[in-house]
$ cat final-v1.cif   # mmCIF, C-alpha atoms
data_structure
loop_
_atom_site.label_atom_id
_atom_site.label_comp_id
_atom_site.auth_asym_id
_atom_site.auth_seq_id
_atom_site.Cartn_x
_atom_site.Cartn_y
_atom_site.Cartn_z
CA MET A 1 -66.52 -49.16 102.89
CA LEU A 2 -69.38 -47.52 104.74
CA ASN A 3 -72.94 -48.32 103.87
CA GLU A 4 -74.14 -45.24 102.03
CA LYS A 5 -77.91 -45.12 101.73
CA GLU A 6 -79.31 -43.05 98.93
CA GLU A 7 -82.62 -42.04 100.45
CA VAL A 8 -84.53 -41.85 103.72
CA GLU A 9 -88.23 -41.74 104.51
CA ILE A 10 -89.82 -38.85 106.37
CA TYR A 11 -93.13 -39.43 108.18
CA VAL A 12 -95.32 -36.62 109.45
CA PHE A 13 -98.73 -35.96 110.92
CA GLN A 14 -100.30 -32.73 112.16
CA GLY A 15 -101.43 -32.61 115.78
CA ASN A 16 -104.84 -32.22 117.34
CA ARG A 17 -105.08 -31.37 121.01
CA ARG A 18 -108.59 -32.80 121.28
CA LEU A 19 -107.26 -36.23 120.32
CA ALA A 20 -104.30 -36.12 122.71
CA SER A 21 -104.62 -37.98 125.98
CA LEU A 22 -102.49 -36.86 128.90
CA ASP A 23 -99.88 -39.52 128.21
CA GLN A 24 -99.45 -38.72 124.54
CA PRO A 25 -98.39 -35.08 124.01
CA LEU A 26 -97.00 -35.76 120.53
CA ILE A 27 -100.59 -36.19 119.33
CA ALA A 28 -101.15 -32.59 120.41
CA THR A 29 -98.00 -31.24 118.79
CA GLY A 30 -97.98 -33.38 115.66
CA HIS A 31 -94.71 -35.08 114.83
CA VAL A 32 -92.07 -35.73 112.19
CA GLY A 33 -90.03 -38.94 112.08
CA LEU A 34 -87.23 -40.28 109.92
CA SER A 35 -86.62 -43.85 108.86
CA LEU A 36 -83.42 -45.22 107.36
CA ASP A 37 -84.74 -48.73 106.80
CA GLY A 38 -88.52 -48.32 106.36
CA LYS A 39 -89.04 -50.03 109.72
CA ASN A 40 -87.84 -47.94 112.63
CA ILE A 41 -88.93 -44.29 112.72
CA TYR A 42 -87.00 -41.83 114.86
CA GLY A 43 -88.21 -38.42 115.97
CA PHE A 44 -86.89 -35.41 117.89
CA ASN A 45 -88.97 -34.27 120.83
CA PRO A 46 -88.65 -32.55 124.21
CA ILE A 47 -87.55 -34.64 127.18
CA ILE A 48 -90.58 -35.02 129.44
CA HIS A 49 -90.02 -36.60 132.83
CA LYS A 50 -92.90 -38.37 134.55
CA GLU A 51 -93.02 -35.87 137.40
CA MET A 52 -93.55 -32.94 135.01
CA LYS A 53 -97.09 -31.63 134.59
CA LEU A 54 -98.15 -31.84 130.98
CA THR A 55 -100.04 -28.53 131.16
CA GLU A 56 -96.80 -26.85 132.25
CA ILE A 57 -94.88 -28.52 129.41
CA TYR A 58 -97.50 -27.33 126.92
CA ARG A 59 -97.17 -23.83 128.34
CA LYS A 60 -93.39 -23.82 128.00
CA ILE A 61 -93.61 -25.13 124.44
CA LYS A 62 -96.21 -22.52 123.47
CA MET A 63 -94.15 -19.75 125.10
CA ARG A 64 -91.30 -20.85 122.78
CA GLU A 65 -89.02 -21.79 125.65
CA SER A 66 -86.09 -24.02 124.75
CA LEU A 67 -86.29 -27.45 126.36
CA PRO A 68 -83.71 -30.24 126.40
CA GLY A 69 -84.43 -32.46 123.40
CA GLN A 70 -83.94 -36.10 122.53
CA VAL A 71 -84.21 -38.51 119.61
CA THR A 72 -86.46 -41.46 120.36
CA ASP A 73 -87.71 -44.50 118.48
CA ASP A 74 -91.28 -43.40 117.75
CA THR A 75 -92.18 -46.29 115.46
CA GLU A 76 -95.11 -47.40 117.61
CA LEU A 77 -96.58 -43.88 117.67
CA PHE A 78 -96.47 -43.56 113.88
CA GLU A 79 -97.87 -47.09 113.46
CA LYS A 80 -100.79 -46.22 115.73
CA VAL A 81 -101.46 -43.00 113.84
CA ALA A 82 -101.47 -44.98 110.58
CA TYR A 83 -103.96 -47.46 112.05
CA GLY A 84 -106.25 -44.66 113.27
CA PHE A 85 -105.73 -45.59 116.91
CA TYR A 86 -106.11 -42.01 118.17
CA ASN A 87 -109.03 -41.00 115.95
CA GLN A 88 -112.42 -40.25 117.45
CA PRO A 89 -115.90 -39.82 115.98
CA PHE A 90 -116.81 -36.34 114.68
CA ARG A 91 -113.21 -35.14 114.75
CA LYS A 92 -110.81 -34.73 111.87
CA GLU A 93 -108.71 -37.86 111.58
CA LEU A 94 -104.96 -37.69 112.05
CA GLU A 95 -103.37 -38.03 108.63
CA LEU A 96 -99.96 -39.64 108.27
CA TYR A 97 -97.84 -38.82 105.24
CA LYS A 98 -94.65 -40.37 103.94
CA PHE A 99 -92.07 -38.63 101.82
CA VAL A 100 -88.89 -40.07 100.34
CA VAL A 101 -85.92 -37.72 100.52
CA PRO A 102 -82.76 -38.40 98.51
CA ILE A 103 -79.51 -38.14 100.41
CA GLU A 104 -77.19 -35.96 98.39
CA GLN A 105 -74.02 -36.37 100.47
CA PRO A 106 -72.82 -39.63 102.12
CA GLN A 107 -71.88 -37.55 105.18
CA THR A 108 -75.57 -36.76 105.71
CA TYR A 109 -76.30 -40.44 106.25
CA LEU A 110 -73.44 -40.72 108.73
CA ASN A 111 -74.66 -37.63 110.57
CA ILE A 112 -78.16 -39.13 110.88
CA LEU A 113 -76.71 -42.37 112.23
CA GLU A 114 -74.70 -40.39 114.77
CA GLU A 115 -77.76 -38.45 115.96
CA ILE A 116 -79.76 -41.66 116.39
CA LYS A 117 -76.87 -43.26 118.27
CA ASN A 118 -76.42 -40.22 120.53
CA ARG A 119 -80.20 -39.75 120.94
CA GLY A 120 -79.93 -36.13 119.84
CA SER A 121 -77.89 -35.26 122.89
CA GLY A 122 -76.98 -31.56 123.18
CA SER A 123 -79.86 -30.33 121.03
CA LEU A 124 -82.67 -28.17 122.35
CA TYR A 125 -86.35 -28.34 121.39
CA GLN A 126 -88.40 -25.26 120.60
CA LEU A 127 -91.41 -24.39 118.45
CA PRO A 128 -90.67 -21.80 115.75
CA LYS A 129 -91.41 -18.11 115.79
CA MET A 130 -92.53 -16.33 112.65
CA ASP A 131 -89.82 -15.27 110.19
CA VAL A 132 -86.81 -15.72 112.48
CA PRO A 133 -84.27 -18.54 112.50
CA PHE A 134 -84.06 -20.95 115.41
CA PRO A 135 -81.38 -20.17 118.02
CA ALA A 136 -78.15 -22.18 117.80
CA LYS A 137 -78.49 -25.92 118.48
CA THR A 138 -82.27 -25.52 118.72
CA TYR A 139 -84.78 -27.40 116.59
CA ASN A 140 -88.23 -28.88 116.53
CA CYS A 141 -89.21 -32.24 115.07
CA ALA A 142 -89.61 -30.68 111.60
CA THR A 143 -86.20 -29.01 111.45
CA PHE A 144 -84.02 -31.41 113.45
CA TRP A 145 -82.83 -33.64 110.61
CA GLY A 146 -81.80 -30.57 108.65
CA LYS A 147 -78.82 -30.27 111.00
CA CYS A 148 -77.53 -33.52 109.50
CA GLY A 149 -77.62 -32.03 106.03
CA LEU A 150 -80.97 -33.49 104.96
CA ASN A 151 -82.87 -31.44 102.41
CA LEU A 152 -86.07 -30.57 104.30
CA PRO A 153 -89.39 -30.09 102.47
CA HIS A 154 -89.80 -26.74 104.31
CA LYS A 155 -87.50 -24.94 106.70
CA SER A 156 -89.86 -22.77 108.80
CA GLY A 157 -90.54 -25.54 111.31
CA PHE A 158 -94.31 -25.05 111.11
CA LEU A 159 -96.02 -28.35 110.23
CA GLU A 160 -98.71 -26.26 108.59
CA ASP A 161 -96.04 -25.29 106.00
CA TYR A 162 -94.15 -28.58 106.05
CA ILE A 163 -97.02 -30.91 105.13
CA PRO A 164 -98.29 -28.95 102.09
CA ALA A 165 -94.68 -28.61 100.89
CA MET A 166 -94.26 -32.40 101.19
CA LEU A 167 -97.49 -33.01 99.34
CA GLN A 168 -96.42 -30.69 96.57
CA LYS A 169 -93.26 -32.75 96.18
CA GLY A 170 -95.14 -36.04 95.98
CA ALA A 171 -95.68 -37.24 99.56
CA GLN A 172 -98.11 -40.13 99.95
CA LYS A 173 -100.77 -40.68 102.59
CA VAL A 174 -100.11 -43.75 104.76
CA LYS A 175 -103.07 -45.75 105.99
CA LYS A 176 -103.07 -49.26 107.43
CA MET B 1 -120.78 -24.74 107.94
CA LEU B 2 -117.29 -24.37 106.51
CA THR B 3 -115.62 -26.79 104.12
CA ASP B 4 -112.46 -28.66 105.15
CA ASN B 5 -110.51 -26.50 102.77
CA GLU B 6 -111.83 -23.28 104.30
CA ILE B 7 -111.08 -24.57 107.81
CA GLN B 8 -107.57 -25.49 106.70
CA HIS B 9 -106.92 -21.94 105.52
CA ILE B 10 -108.10 -20.52 108.84
CA LYS B 11 -105.90 -22.96 110.78
CA LYS B 12 -102.91 -21.83 108.77
CA VAL B 13 -103.66 -18.19 109.62
CA LEU B 14 -103.92 -19.18 113.31
CA VAL B 15 -100.48 -20.83 113.14
CA TYR B 16 -98.98 -17.68 111.61
CA LEU B 17 -100.68 -15.40 114.15
CA VAL B 18 -99.28 -17.52 116.99
CA GLY B 19 -95.84 -17.43 115.34
CA ARG B 20 -96.06 -13.63 115.14
CA TRP B 21 -97.28 -13.38 118.72
CA ALA B 22 -94.27 -15.45 119.83
CA LEU B 23 -91.99 -13.09 117.95
CA GLU B 24 -93.51 -9.88 119.35
CA LYS B 25 -94.51 -10.84 122.91
CA ASP B 26 -91.27 -9.71 124.57
CA ASN B 27 -90.29 -6.64 122.57
CA HIS B 28 -93.62 -5.30 121.34
CA PRO B 29 -96.25 -6.30 123.94
CA GLU B 30 -98.87 -3.89 122.54
CA LEU B 31 -98.61 -5.47 119.13
CA ALA B 32 -98.72 -8.93 120.73
CA LYS B 33 -101.93 -7.96 122.53
CA GLU B 34 -103.46 -6.89 119.24
CA ILE B 35 -102.50 -10.22 117.68
CA VAL B 36 -104.17 -12.05 120.59
CA ILE B 37 -107.41 -10.14 119.92
CA HIS B 38 -107.39 -11.01 116.21
CA TYR B 39 -106.51 -14.62 117.04
CA ASN B 40 -109.33 -14.95 119.57
CA ASN B 41 -111.84 -13.45 117.14
CA LEU B 42 -110.83 -15.98 114.51
CA VAL B 43 -111.08 -18.99 116.84
CA ILE B 44 -114.49 -17.84 118.09
CA PHE B 45 -115.60 -17.36 114.48
CA LEU B 46 -114.50 -20.92 113.72
CA ILE B 47 -116.39 -22.29 116.72
CA ASN B 48 -119.50 -20.29 115.82
CA THR B 49 -119.58 -21.99 112.41
CA GLY B 50 -119.98 -25.32 114.19
CA TRP B 51 -116.33 -26.39 114.17
CA CYS B 52 -115.56 -28.24 117.38
CA ASP B 53 -112.26 -29.94 116.68
CA GLY B 54 -108.85 -29.40 118.25
CA LEU B 55 -105.88 -27.37 117.07
CA PRO B 56 -102.26 -28.52 116.92
CA LEU B 57 -100.07 -27.00 119.61
CA GLU B 58 -98.31 -24.78 117.05
CA ALA B 59 -101.69 -23.10 116.42
CA GLU B 60 -102.48 -22.45 120.09
CA LEU B 61 -101.58 -19.55 122.35
CA PRO B 62 -100.91 -20.31 126.02
CA ASP B 63 -104.18 -21.40 127.64
CA GLU B 64 -104.68 -18.13 129.53
CA LEU B 65 -104.77 -16.29 126.18
CA MET B 66 -107.08 -18.77 124.45
CA PRO B 67 -110.81 -18.01 124.18
CA GLN B 68 -112.92 -19.63 126.86
CA GLU B 69 -115.04 -21.30 124.17
CA TYR B 70 -112.01 -23.29 122.97
CA LEU B 71 -110.94 -24.25 126.49
CA GLU B 72 -114.45 -25.62 127.05
CA LEU B 73 -114.02 -27.84 123.98
CA LEU B 74 -110.77 -29.18 125.44
CA GLU B 75 -112.43 -29.92 128.76
CA GLU B 76 -114.97 -32.12 126.96
CA SER B 77 -112.19 -34.15 125.31
CA PHE B 78 -110.92 -36.30 128.14
CA ALA B 79 -113.31 -35.42 130.94
#

$ encode --input "final-v1.cif" --output "structure tokens"
Amino acid sequence: MLNEKEEVEIYVFQGNRRLASLDQPLIATGHVGLSLDGKNIYGFNPIIHKEMKLTEIYRKIKMRESLPGQVTDDTELFEKVAYGFYNQPFRKELELYKFVVPIEQPQTYLNILEEIKNRGSGSLYQLPKMDVPFPAKTYNCATFWGKCGLNLPHKSGFLEDYIPAMLQKGAQKVKK
Amino acid sequence: MLTDNEIQHIKKVLVYLVGRWALEKDNHPELAKEIVIHYNNLVIFLINTGWCDGLPLEAELPDELMPQEYLELLEESFA
């Protein structure tokens, strides 16, 4: 009998480019992560090699180019956001929210496990355009887990839509 | 000085303008240019109210289309 979990946790924060150092682009983009056990949080993001210039990556992302994507264990990033590690005086603090999503089909849980195991291999990363669906096999951090069958708080892929939708459904602010 | 709530509304409009620009930039460049003008006016308005924070990447156009005033804020961040 497979272990069938009944819910997962979604974590999200909106980005702020003025708080993002050159080695932490996810602070500029904002990020969404998923946890099966309340401990490890996994997120989908573009693959960035060390030799790539971050300004060029930002440009590609903003031009809505599709980039090879990956699922990574981003627990430390979310922990740091929760602790206020990236915050700076006179700037709006990063706000981390948690939302519990019920899993309606056991297959959804298995699909999530598979994506974590395969590190999201074969999926492309892209920011959304207005009012059009993502191309095939293309996602951003906010839409990725939807491919597994998870019921997303909002489907546009814009965190500016996603976070208010989560809050409306009862998401809680996380602060440590 | 704007309230957080007012700033939040403006940021949402910026995200949507960028999303529309991304949609139109290849097929309707004239419309995309118009969106860039409206976007720039809105960011400059925000800065003129005293706002000096950063935007998320989903709310930014490519740097060459961003207003100089915003790029100067970024330069101060990790100079």

$ closest_atom_pairs --input "final-v1.cif" --of "chain A" --to "chain B" --cutoff "9 Å" --atoms "all atoms listed in the file" --output "JSON lines"
{"residue": "A:Gln14", "atom": "CA", "partner": "B:Pro56", "partner_atom": "CA", "distance": 6.7}
{"residue": "A:Gly15", "atom": "CA", "partner": "B:Pro56", "partner_atom": "CA", "distance": 4.3}
{"residue": "A:Asn16", "atom": "CA", "partner": "B:Pro56", "partner_atom": "CA", "distance": 4.5}
{"residue": "A:Arg17", "atom": "CA", "partner": "B:Gly54", "partner_atom": "CA", "distance": 5.1}
{"residue": "A:Arg18", "atom": "CA", "partner": "B:Gly54", "partner_atom": "CA", "distance": 4.6}
{"residue": "A:Leu19", "atom": "CA", "partner": "B:Gly54", "partner_atom": "CA", "distance": 7.3}
{"residue": "A:Ala20", "atom": "CA", "partner": "B:Ser77", "partner_atom": "CA", "distance": 8.5}
{"residue": "A:Ser21", "atom": "CA", "partner": "B:Phe78", "partner_atom": "CA", "distance": 6.9}
{"residue": "A:Leu22", "atom": "CA", "partner": "B:Phe78", "partner_atom": "CA", "distance": 8.5}
{"residue": "A:Ile27", "atom": "CA", "partner": "B:Pro56", "partner_atom": "CA", "distance": 8.2}
{"residue": "A:Ala28", "atom": "CA", "partner": "B:Pro56", "partner_atom": "CA", "distance": 5.5}
{"residue": "A:Thr29", "atom": "CA", "partner": "B:Leu57", "partner_atom": "CA", "distance": 4.8}
{"residue": "A:Gly30", "atom": "CA", "partner": "B:Pro56", "partner_atom": "CA", "distance": 6.6}
{"residue": "A:Thr55", "atom": "CA", "partner": "B:Asp63", "partner_atom": "CA", "distance": 9.0}
{"residue": "A:Tyr58", "atom": "CA", "partner": "B:Leu57", "partner_atom": "CA", "distance": 7.8}
{"residue": "A:Arg59", "atom": "CA", "partner": "B:Pro62", "partner_atom": "CA", "distance": 5.6}
{"residue": "A:Lys60", "atom": "CA", "partner": "B:Pro62", "partner_atom": "CA", "distance": 8.5}
{"residue": "A:Ile61", "atom": "CA", "partner": "B:Leu57", "partner_atom": "CA", "distance": 8.3}
{"residue": "A:Lys62", "atom": "CA", "partner": "B:Pro62", "partner_atom": "CA", "distance": 5.8}
{"residue": "A:Met63", "atom": "CA", "partner": "B:Ala22", "partner_atom": "CA", "distance": 6.8}
{"residue": "A:Arg64", "atom": "CA", "partner": "B:Ala22", "partner_atom": "CA", "distance": 6.8}
{"residue": "A:Phe90", "atom": "CA", "partner": "B:Asp53", "partner_atom": "CA", "distance": 8.1}
{"residue": "A:Arg91", "atom": "CA", "partner": "B:Asp53", "partner_atom": "CA", "distance": 5.6}
{"residue": "A:Lys92", "atom": "CA", "partner": "B:Asp53", "partner_atom": "CA", "distance": 6.9}
{"residue": "A:Leu127", "atom": "CA", "partner": "B:Glu58", "partner_atom": "CA", "distance": 7.1}
{"residue": "A:Pro128", "atom": "CA", "partner": "B:Gly19", "partner_atom": "CA", "distance": 6.8}
{"residue": "A:Lys129", "atom": "CA", "partner": "B:Gly19", "partner_atom": "CA", "distance": 4.5}
{"residue": "A:Met130", "atom": "CA", "partner": "B:Gly19", "partner_atom": "CA", "distance": 4.4}
{"residue": "A:Asp131", "atom": "CA", "partner": "B:Arg20", "partner_atom": "CA", "distance": 8.1}
{"residue": "A:Val132", "atom": "CA", "partner": "B:Leu23", "partner_atom": "CA", "distance": 8.0}
{"residue": "A:Phe158", "atom": "CA", "partner": "B:Glu58", "partner_atom": "CA", "distance": 7.2}
{"residue": "A:Leu159", "atom": "CA", "partner": "B:Glu58", "partner_atom": "CA", "distance": 8.0}
{"residue": "A:Glu160", "atom": "CA", "partner": "B:Lys12", "partner_atom": "CA", "distance": 6.1}
{"residue": "A:Asp161", "atom": "CA", "partner": "B:Lys12", "partner_atom": "CA", "distance": 8.2}

$ residues_around --input "final-v1.cif" --residues "Gly122 of chain A" --least-positions-apart "4" --cutoff "9 Å" --atoms "all atoms listed in the file" --output "list of chain:residue names"
A:Pro68, A:Gly69, A:Gln70, A:Lys137

$ write_last_selection --input "final-v1.cif" --atoms "C-alpha atoms" --output "short mmCIF file (atom, residue, chain, number, x, y, z; two decimals), in the frame of the given file"
data_model
loop_
_atom_site.label_atom_id
_atom_site.label_comp_id
_atom_site.auth_asym_id
_atom_site.auth_seq_id
_atom_site.Cartn_x
_atom_site.Cartn_y
_atom_site.Cartn_z
CA PRO A 68 -83.71 -30.24 126.40
CA GLY A 69 -84.43 -32.46 123.40
CA GLN A 70 -83.94 -36.10 122.53
CA LYS A 137 -78.49 -25.92 118.48
#

$ residues_near_point --input "final-v1.cif" --point "(-75.7, -42.8, 112.8)" --cutoff "12 Å" --atoms "all atoms listed in the file" --output "NGL selection string"
:A and (2-5 or 35-36 or 42 or 71 or 106-120 or 145 or 148)

$ atom_distance --input "final-v1.cif" --atom1 "atom CA of Glu76 of chain A" --atom2 "atom CA of Pro102 of chain A"
24.5 Å

$ residues_around --input "final-v1.cif" --residues "Asp74 of chain A" --least-positions-apart "4" --cutoff "8 Å" --atoms "only C-alpha atoms" --output "PyMOL selection string"
chain A and resi 33+40-43+78

$ write_last_selection --input "final-v1.cif" --atoms "C-alpha atoms" --output "CSV table (one decimal), in the frame of the given file"
chain,number,residue,atom,x,y,z
A,33,GLY,CA,-90.0,-38.9,112.1
A,40,ASN,CA,-87.8,-47.9,112.6
A,41,ILE,CA,-88.9,-44.3,112.7
A,42,TYR,CA,-87.0,-41.8,114.9
A,43,GLY,CA,-88.2,-38.4,116.0
A,78,PHE,CA,-96.5,-43.6,113.9

$ closest_residue --input "final-v1.cif" --among "A:His31, A:Thr72, A:Phe85, A:Leu96" --to "Ile47 of chain A" --atoms "only C-alpha atoms"
A:Thr72

$ residues_near_point --input "final-v1.cif" --point "(-110.5, -18.3, 113.1)" --cutoff "10 Å" --atoms "only C-alpha atoms" --output "PyMOL selection string"
chain B and resi 7+9-14+38-49

$ closest_residue --input "final-v1.cif" --among "B:Glu72, B:Pro29, B:Gly50, B:Glu34" --to "Leu2 of chain B" --atoms "all atoms listed in the file"
B:Gly50

$ resolve_selection --input "final-v1.cif" --expression "the PyMOL selection byres ((chain A and resi 155) around 12)" --output "ChimeraX atom specification"
/A:128,130-134,139-147,150-154,156-163,165-166

$ atom_distance --input "final-v1.cif" --atom1 "atom CA of Ile48 of chain A" --atom2 "atom CA of Val174 of chain A"
27.9 Å

$ resolve_selection --input "final-v1.cif" --expression "the PyMOL selection byres ((chain A and resi 10) around 8)" --output "MDAnalysis selection string"
chainID A and resid 8:9 11:12 32:35 98:101

$ write_last_selection --input "final-v1.cif" --atoms "C-alpha atoms" --output "PDB file, in the frame of the given file"
ATOM      1  CA  VAL A   8     -84.530 -41.850 103.720  1.00  0.00           C
ATOM      2  CA  GLU A   9     -88.230 -41.740 104.510  1.00  0.00           C
ATOM      3  CA  TYR A  11     -93.130 -39.430 108.180  1.00  0.00           C
ATOM      4  CA  VAL A  12     -95.320 -36.620 109.450  1.00  0.00           C
ATOM      5  CA  VAL A  32     -92.070 -35.730 112.190  1.00  0.00           C
ATOM      6  CA  GLY A  33     -90.030 -38.940 112.080  1.00  0.00           C
ATOM      7  CA  LEU A  34     -87.230 -40.280 109.920  1.00  0.00           C
ATOM      8  CA  SER A  35     -86.620 -43.850 108.860  1.00  0.00           C
ATOM      9  CA  LYS A  98     -94.650 -40.370 103.940  1.00  0.00           C
ATOM     10  CA  PHE A  99     -92.070 -38.630 101.820  1.00  0.00           C
ATOM     11  CA  VAL A 100     -88.890 -40.070 100.340  1.00  0.00           C
ATOM     12  CA  VAL A 101     -85.920 -37.720 100.520  1.00  0.00           C
TER      13      VAL A 101
END

$ decode --input "final-v1.cif" --residues "segment 12-40 of chain A" --atoms "N, CA and C atoms" --output "compact mmCIF listing (two decimals), in the first residue's frame"
# COMPACT_ATOMS: atom_id res chain seq x y z
N VAL A 12 5.12 30.63 -0.16
CA VAL A 12 5.34 31.62 -1.22
C VAL A 12 5.77 32.96 -0.63
N PHE A 13 6.65 33.63 -1.35
CA PHE A 13 6.94 35.03 -1.04
C PHE A 13 7.11 35.79 -2.35
N GLN A 14 6.73 37.06 -2.35
CA GLN A 14 6.92 37.91 -3.53
C GLN A 14 8.35 38.45 -3.52
N GLY A 15 8.87 38.68 -4.71
CA GLY A 15 10.27 39.12 -4.82
C GLY A 15 10.44 40.62 -4.68
N ASN A 16 11.70 40.99 -4.53
CA ASN A 16 12.06 42.41 -4.46
C ASN A 16 13.50 42.53 -4.96
N ARG A 17 13.65 43.14 -6.13
CA ARG A 17 14.99 43.15 -6.73
C ARG A 17 15.99 43.96 -5.91
N ARG A 18 15.51 44.89 -5.13
CA ARG A 18 16.44 45.68 -4.31
C ARG A 18 16.97 44.90 -3.11
N LEU A 19 16.35 43.78 -2.81
CA LEU A 19 16.84 42.95 -1.70
C LEU A 19 17.68 41.77 -2.20
N ALA A 20 17.75 41.62 -3.52
CA ALA A 20 18.41 40.43 -4.09
C ALA A 20 19.88 40.70 -4.36
N SER A 21 20.74 39.95 -3.69
CA SER A 21 22.16 40.03 -3.99
C SER A 21 22.42 39.23 -5.27
N LEU A 22 23.61 39.37 -5.81
CA LEU A 22 23.91 38.73 -7.09
C LEU A 22 23.88 37.20 -7.02
N ASP A 23 24.00 36.66 -5.83
CA ASP A 23 24.00 35.20 -5.74
C ASP A 23 22.63 34.65 -5.33
N GLN A 24 21.62 35.52 -5.27
CA GLN A 24 20.32 35.02 -4.84
C GLN A 24 19.19 35.56 -5.72
N PRO A 25 19.12 35.10 -6.98
CA PRO A 25 18.11 35.63 -7.91
C PRO A 25 16.67 35.33 -7.49
N LEU A 26 16.46 34.28 -6.70
CA LEU A 26 15.08 33.95 -6.33
C LEU A 26 14.48 35.00 -5.40
N ILE A 27 15.33 35.81 -4.77
CA ILE A 27 14.81 36.94 -3.98
C ILE A 27 14.27 38.01 -4.92
N ALA A 28 14.82 38.10 -6.10
CA ALA A 28 14.31 39.07 -7.09
C ALA A 28 13.03 38.57 -7.74
N THR A 29 12.95 37.28 -8.00
CA THR A 29 11.76 36.77 -8.68
C THR A 29 10.60 36.53 -7.73
N GLY A 30 10.91 36.25 -6.46
CA GLY A 30 9.91 35.68 -5.56
C GLY A 30 9.90 34.19 -5.84
N HIS A 31 9.25 33.42 -4.97
CA HIS A 31 9.34 31.97 -5.17
C HIS A 31 8.16 31.26 -4.51
N VAL A 32 7.85 30.09 -5.07
CA VAL A 32 6.83 29.21 -4.51
C VAL A 32 7.49 27.86 -4.24
N GLY A 33 7.22 27.28 -3.08
CA GLY A 33 7.76 25.96 -2.76
C GLY A 33 6.67 25.05 -2.22
N LEU A 34 6.93 23.76 -2.30
CA LEU A 34 5.95 22.77 -1.83
C LEU A 34 6.63 21.83 -0.85
N SER A 35 5.91 21.55 0.23
CA SER A 35 6.44 20.62 1.22
C SER A 35 5.45 19.47 1.44
N LEU A 36 5.99 18.27 1.42
CA LEU A 36 5.16 17.09 1.69
C LEU A 36 5.14 16.75 3.18
N ASP A 37 6.23 17.14 3.87
CA ASP A 37 6.39 16.71 5.26
C ASP A 37 6.49 17.86 6.26
N GLY A 38 6.35 19.11 5.77
CA GLY A 38 6.48 20.26 6.67
C GLY A 38 7.91 20.59 7.02
N LYS A 39 8.85 19.87 6.42
CA LYS A 39 10.28 20.12 6.68
C LYS A 39 10.99 20.57 5.42
N ASN A 40 11.07 19.71 4.44
CA ASN A 40 11.75 20.07 3.20
C ASN A 40 10.79 20.77 2.24
